[in-house]
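With PDB, C-alpha atoms inside, this is final26.pdb:
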ATOM      1  CA  MET A1220     137.055  57.774  78.552
ATOM      2  CA  ALA A1221     136.877  59.593  81.864
ATOM      3  CA  THR A1222     137.798  62.883  80.196
ATOM      4  CA  LYS A1223     134.960  62.445  77.678
ATOM      5  CA  ILE A1224     132.488  61.924  80.528
ATOM      6  CA  ILE A1225     133.799  64.982  82.384
ATOM      7  CA  ILE A1226     133.594  67.099  79.221
ATOM      8  CA  PHE A1227     130.059  65.843  78.565
ATOM      9  CA  ILE A1228     128.965  66.688  82.123
ATOM     10  CA  TYR A1229     130.620  70.120  81.897
ATOM     11  CA  LEU A1230     128.880  70.882  78.587
ATOM     12  CA  PHE A1231     125.559  69.673  79.951
ATOM     13  CA  ILE A1232     125.801  71.887  83.048
ATOM     14  CA  PHE A1233     127.026  74.879  81.018
ATOM     15  CA  SER A1234     124.232  74.582  78.448
ATOM     16  CA  TYR A1235     121.591  74.187  81.169
ATOM     17  CA  SER A1236     122.753  77.291  83.028
ATOM     18  CA  SER A1237     122.949  79.392  79.873
ATOM     19  CA  PHE A1238     119.454  78.470  78.655
ATOM     20  CA  GLY A1239     117.823  78.450  82.082
ATOM     21  CA  ASN A1240     117.262  82.199  82.112
ATOM     22  CA  GLU A1241     115.331  82.103  78.834
ATOM     23  CA  LEU A1242     112.698  79.672  80.107
ATOM     24  CA  VAL A1243     110.944  82.226  82.326
ATOM     25  CA  LYS A1244     110.406  85.772  81.131
ATOM     26  CA  VAL A1245     108.895  88.441  83.384
ATOM     27  CA  LEU A1246     107.160  91.352  81.664
ATOM     28  CA  ASN A1247     106.774  94.357  83.944
ATOM     29  CA  ASN A1248     107.510  97.382  81.743
ATOM     30  CA  ASP A1249     105.034 100.116  80.878
ATOM     31  CA  ASN A1250     105.253  99.330  77.152
ATOM     32  CA  ASN A1251     104.118  95.692  77.654
ATOM     33  CA  TYR A1252     100.426  94.845  77.621
ATOM     34  CA  ALA A1253      98.047  92.031  78.485
ATOM     35  CA  GLU A1254      94.960  90.961  76.593
ATOM     36  CA  ILE A1255      91.932  89.964  78.606
ATOM     37  CA  LYS A1256      88.616  88.468  77.523
ATOM     38  CA  ILE A1257      85.386  89.717  79.058
ATOM     39  CA  ILE A1258      82.285  87.641  78.396
ATOM     40  CA  ASP A1259      78.939  89.233  79.158
ATOM     41  CA  LYS A1260      76.791  86.388  80.501
ATOM     42  CA  ILE A1261      73.530  88.177  79.734
ATOM     43  CA  THR A1262      74.125  89.068  76.071
ATOM     44  CA  SER A1263      76.827  86.405  75.374
ATOM     45  CA  ARG A1264      79.130  89.012  73.844
ATOM     46  CA  LEU A1265      82.871  88.559  73.956
ATOM     47  CA  THR A1266      85.062  91.641  74.343
ATOM     48  CA  THR A1267      88.846  91.526  74.078
ATOM     49  CA  GLU A1268      90.742  94.410  75.673
ATOM     50  CA  LYS A1269      94.427  95.320  75.667
ATOM     51  CA  ILE A1270      95.604  96.770  78.962
ATOM     52  CA  ASN A1271      99.061  98.257  79.419
ATOM     53  CA  LEU A1272     100.914  96.936  82.428
ATOM     54  CA  LYS A1273     101.129  99.180  85.491
ATOM     55  CA  THR A1274      98.183 101.340  84.347
ATOM     56  CA  LEU A1275      94.664 101.457  85.765
ATOM     57  CA  LYS A1276      91.953 101.059  83.123
ATOM     58  CA  ASN A1277      88.176 101.338  83.450
ATOM     59  CA  ILE A1278      86.347  98.711  81.410
ATOM     60  CA  LYS A1279      82.605  98.172  81.698
ATOM     61  CA  ASP A1280      81.886  98.078  85.458
ATOM     62  CA  PHE A1281      85.472  97.401  86.550
ATOM     63  CA  GLU A1282      88.769  99.078  87.355
ATOM     64  CA  ILE A1283      91.465  96.690  86.138
ATOM     65  CA  PHE A1284      95.145  96.914  87.049
ATOM     66  CA  ILE A1285      97.696  94.402  85.753
ATOM     67  CA  ASP A1286     100.969  94.533  87.646
ATOM     68  CA  LYS A1287     103.133  92.026  85.772
ATOM     69  CA  CYS A1288     103.042  89.109  83.338
ATOM     70  CA  VAL A1289     105.122  85.940  83.394
ATOM     71  CA  LEU A1290     105.823  83.828  80.299
ATOM     72  CA  ASP A1291     106.937  80.368  81.444
ATOM     73  CA  THR A1292     108.116  77.614  79.078
ATOM     74  CA  ARG A1293     109.637  75.237  81.648
ATOM     75  CA  LYS A1294     106.921  72.606  81.120
ATOM     76  CA  GLY A1295     107.480  72.425  77.362
ATOM     77  CA  PHE A1296     104.623  74.755  76.431
ATOM     78  CA  LEU A1297     103.991  78.442  76.974
ATOM     79  CA  GLU A1298     102.213  79.161  80.258
ATOM     80  CA  THR A1299     101.135  82.792  80.501
ATOM     81  CA  SER A1300     100.152  84.233  83.862
ATOM     82  CA  ALA A1301      99.439  87.746  85.083
ATOM     83  CA  LEU A1302      99.017  89.423  88.449
ATOM     84  CA  VAL A1303      95.599  91.081  88.159
ATOM     85  CA  GLN A1304      93.647  93.377  90.469
ATOM     86  CA  ILE A1305      89.992  94.096  89.715
ATOM     87  CA  LYS A1306      87.628  96.417  91.588
ATOM     88  CA  ASP A1307      83.898  96.771  90.968
ATOM     89  CA  VAL A1308      83.054 100.403  90.103
ATOM     90  CA  LYS A1309      79.351  99.974  90.848
ATOM     91  CA  ASN A1310      80.125  99.252  94.493
ATOM     92  CA  ARG A1311      79.885 102.773  95.942
ATOM     93  CA  THR A1312      80.644 101.944  99.551
ATOM     94  CA  LYS A1313      83.382 103.789 101.364
ATOM     95  CA  ASP A1314      85.735 100.822 101.685
ATOM     96  CA  ARG A1315      85.719  99.175  98.260
ATOM     97  CA  VAL A1316      87.603  95.917  98.230
ATOM     98  CA  PHE A1317      89.087  93.994  95.354
ATOM     99  CA  LEU A1318      86.738  91.746  93.459
ATOM    100  CA  PHE A1319      89.839  89.840  92.343
ATOM    101  CA  ASN A1320      93.460  90.181  93.485
ATOM    102  CA  ASN A1321      95.461  87.148  92.389
ATOM    103  CA  TRP A1322      97.351  85.459  89.575
ATOM    104  CA  MET A1323      95.353  84.645  86.457
ATOM    105  CA  PHE A1324      96.440  81.914  84.006
ATOM    106  CA  ALA A1325      95.757  81.917  80.266
ATOM    107  CA  SER A1326      95.829  78.127  79.867
ATOM    108  CA  ASN A1327      93.231  77.381  82.550
ATOM    109  CA  SER A1328      90.936  80.196  83.585
ATOM    110  CA  SER A1329      89.028  78.031  86.058
ATOM    111  CA  ILE A1330      91.979  77.885  88.487
ATOM    112  CA  ASN A1331      91.470  81.467  89.650
ATOM    113  CA  GLU A1332      88.180  82.682  88.341
ATOM    114  CA  ILE A1333      86.174  85.771  89.146
ATOM    115  CA  GLU A1334      82.872  85.352  90.910
ATOM    116  CA  HIS A1335      80.647  87.901  89.216
ATOM    117  CA  PRO A1336      76.985  87.412  88.216
ATOM    118  CA  ASN A1337      77.209  89.260  84.876
ATOM    119  CA  TYR A1338      80.769  88.834  83.570
ATOM    120  CA  ASP A1339      83.453  86.206  83.081
ATOM    121  CA  ILE A1340      86.942  87.709  82.884
ATOM    122  CA  SER A1341      89.984  85.700  81.817
ATOM    123  CA  LEU A1342      93.518  86.275  80.578
ATOM    124  CA  LYS A1343      94.184  85.732  76.889
ATOM    125  CA  SER A1344      97.871  86.629  76.414
ATOM    126  CA  CYS A1345     100.719  88.956  77.368
ATOM    127  CA  ASN A1346     103.133  90.829  75.091
TER
END

What would the structure in this file look like if it were written as structure tokens?
Amino acid sequence: MATKIIIFIYLFIFSYSSFGNELVKVLNNDNNYAEIKIIDKITSRLTTEKINLKTLKNIKDFEIFIDKCVLDTRKGFLETSALVQIKDVKNRTKDRVFLFNNWMFASNSSINEIEHPNYDISLKSCN
């Protein structure tokens, strides 16, 4: 009986350690991309853009850079997050600062949202 319990505990620990690495996947290659949604508050138009990771892309009035994406399934569902940096191109001052420089989540965009009068920008997915 004791050997069955020891074997069960060993199998449980072995299976947990072998599947633990597959629960969180970090995407940070140049061939991966993230999809973002940009909603124009004035015209109510939705634009979906694909942005390659580690590349700077100009979209509308913004320079958007996505450093990495994380796909996390530890909670039982897929949680997609991305490290996003956004600068406003219309701001022509000498020391332009980031409009947004933080993690963005696909499941709940209101956690880290962008304060902009004309646009709402949120993460849709990462591949």

Just checking: using all atoms listed in the file, which residue out of A:Asn1310, A:Asn1271, A:Asn1277, A:Thr1266 ends up closest to A:Asn1251? A:Asn1271

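You can rank A:Thr1267, A:Asn1321, A:Gln1304, A:Thr1274 by their closest distance to A:Ser1344 using all atoms listed in the file, and at the top of that list sits A:Thr1267.
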
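If you look at atom CA of A:Ile1255 and atom CA of A:Asn1337, they are 16.0 Å away from each other.
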
Box along x, y and z, 3 Å on every side, all listed atoms of stretch 1283-1300 of chain A inside: centre and edge lengths in Å to one decimal, as AutoDock Vina command-line options.
--center_x 100.6 --center_y 84.7 --center_z 82.0 --size_x 24.2 --size_y 30.5 --size_z 17.2

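Our summary of the geometry notes that atom CA of A:Ala1301 is positioned 26.9 Å from atom CA of A:Thr1262.
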
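If you look at atom CA of A:Tyr1338 and atom CA of A:Asp1259, they are 4.8 Å away from each other.
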
Min atom-atom distance to A:Leu1242 from the set A:Lys1294, A:Lys1276, A:Lys1260, A:Lys1287, counting all atoms listed in the file, belongs to A:Lys1294

Identify all residues satisfying the PyMOL selection byres ((chain A and resi 1280) around 7) in the given file; provide them as an NGL selection string. :A and (1278-1279 or 1281 or 1307-1309)

Kindly save the residues from that selection, with C-alpha atoms included, as a compact mmCIF listing (two decimals), keeping the file's coordinate frame.
# COMPACT_ATOMS: atom_id res chain seq x y z
CA ILE A 1278 86.35 98.71 81.41
CA LYS A 1279 82.60 98.17 81.70
CA PHE A 1281 85.47 97.40 86.55
CA ASP A 1307 83.90 96.77 90.97
CA VAL A 1308 83.05 100.40 90.10
CA LYS A 1309 79.35 99.97 90.85

Running the PyMOL selection byres ((chain A and resi 1290) around 8) on this model by hand, what would come out? Give it as a PDB file with C-alpha atoms, in the frame of the given file.
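Ended up saving to part39.pdb:
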ATOM      1  CA  VAL A1243     110.944  82.226  82.326  1.00  0.00           C
ATOM      2  CA  LYS A1244     110.406  85.772  81.131  1.00  0.00           C
ATOM      3  CA  VAL A1245     108.895  88.441  83.384  1.00  0.00           C
ATOM      4  CA  LEU A1246     107.160  91.352  81.664  1.00  0.00           C
ATOM      5  CA  CYS A1288     103.042  89.109  83.338  1.00  0.00           C
ATOM      6  CA  VAL A1289     105.122  85.940  83.394  1.00  0.00           C
ATOM      7  CA  ASP A1291     106.937  80.368  81.444  1.00  0.00           C
ATOM      8  CA  THR A1292     108.116  77.614  79.078  1.00  0.00           C
ATOM      9  CA  LEU A1297     103.991  78.442  76.974  1.00  0.00           C
ATOM     10  CA  GLU A1298     102.213  79.161  80.258  1.00  0.00           C
ATOM     11  CA  THR A1299     101.135  82.792  80.501  1.00  0.00           C
ATOM     12  CA  SER A1300     100.152  84.233  83.862  1.00  0.00           C
ATOM     13  CA  CYS A1345     100.719  88.956  77.368  1.00  0.00           C
TER      14      CYS A1345
END

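Nearest-residue note for A:Ile1283: choosing from A:Ser1329, A:Asn1248, A:Phe1324, A:Leu1342, the minimum distance belongs to A:Leu1342, counting all atoms listed in the file.
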
Report as a list in words all protein, DNA and RNA residues lying within 10 Å of A:Ser1328, evaluated on all atoms listed in the file, omitting residues in the same chain fewer than 3 positions from it. Met1323, Phe1324, Ala1325, Asn1331, Glu1332, Ile1333, Asp1339, Ile1340, Ser1341, Leu1342 and Lys1343 of chain A

Counting only C-alpha atoms, I want the residues whose atoms come within 7 Å of (98.6, 93.8, 73.6) in the file frame, returned as a ChimeraX atom specification. /A:1252-1254,1269-1270,1345-1346

Neighbour residues at most 6 Å from (99.6, 93.9, 89.5) (all atoms listed in the file) as a PyMOL selection string: chain A and resi 1284-1287+1302-1303

Do you know which residues are at most 8 Å from A:Lys1306 counting all atoms listed in the file, after dropping those on the same chain fewer than 6 positions away, and could you put them as a VMD selection string? chain A and resid 1281 to 1283 1315 to 1319
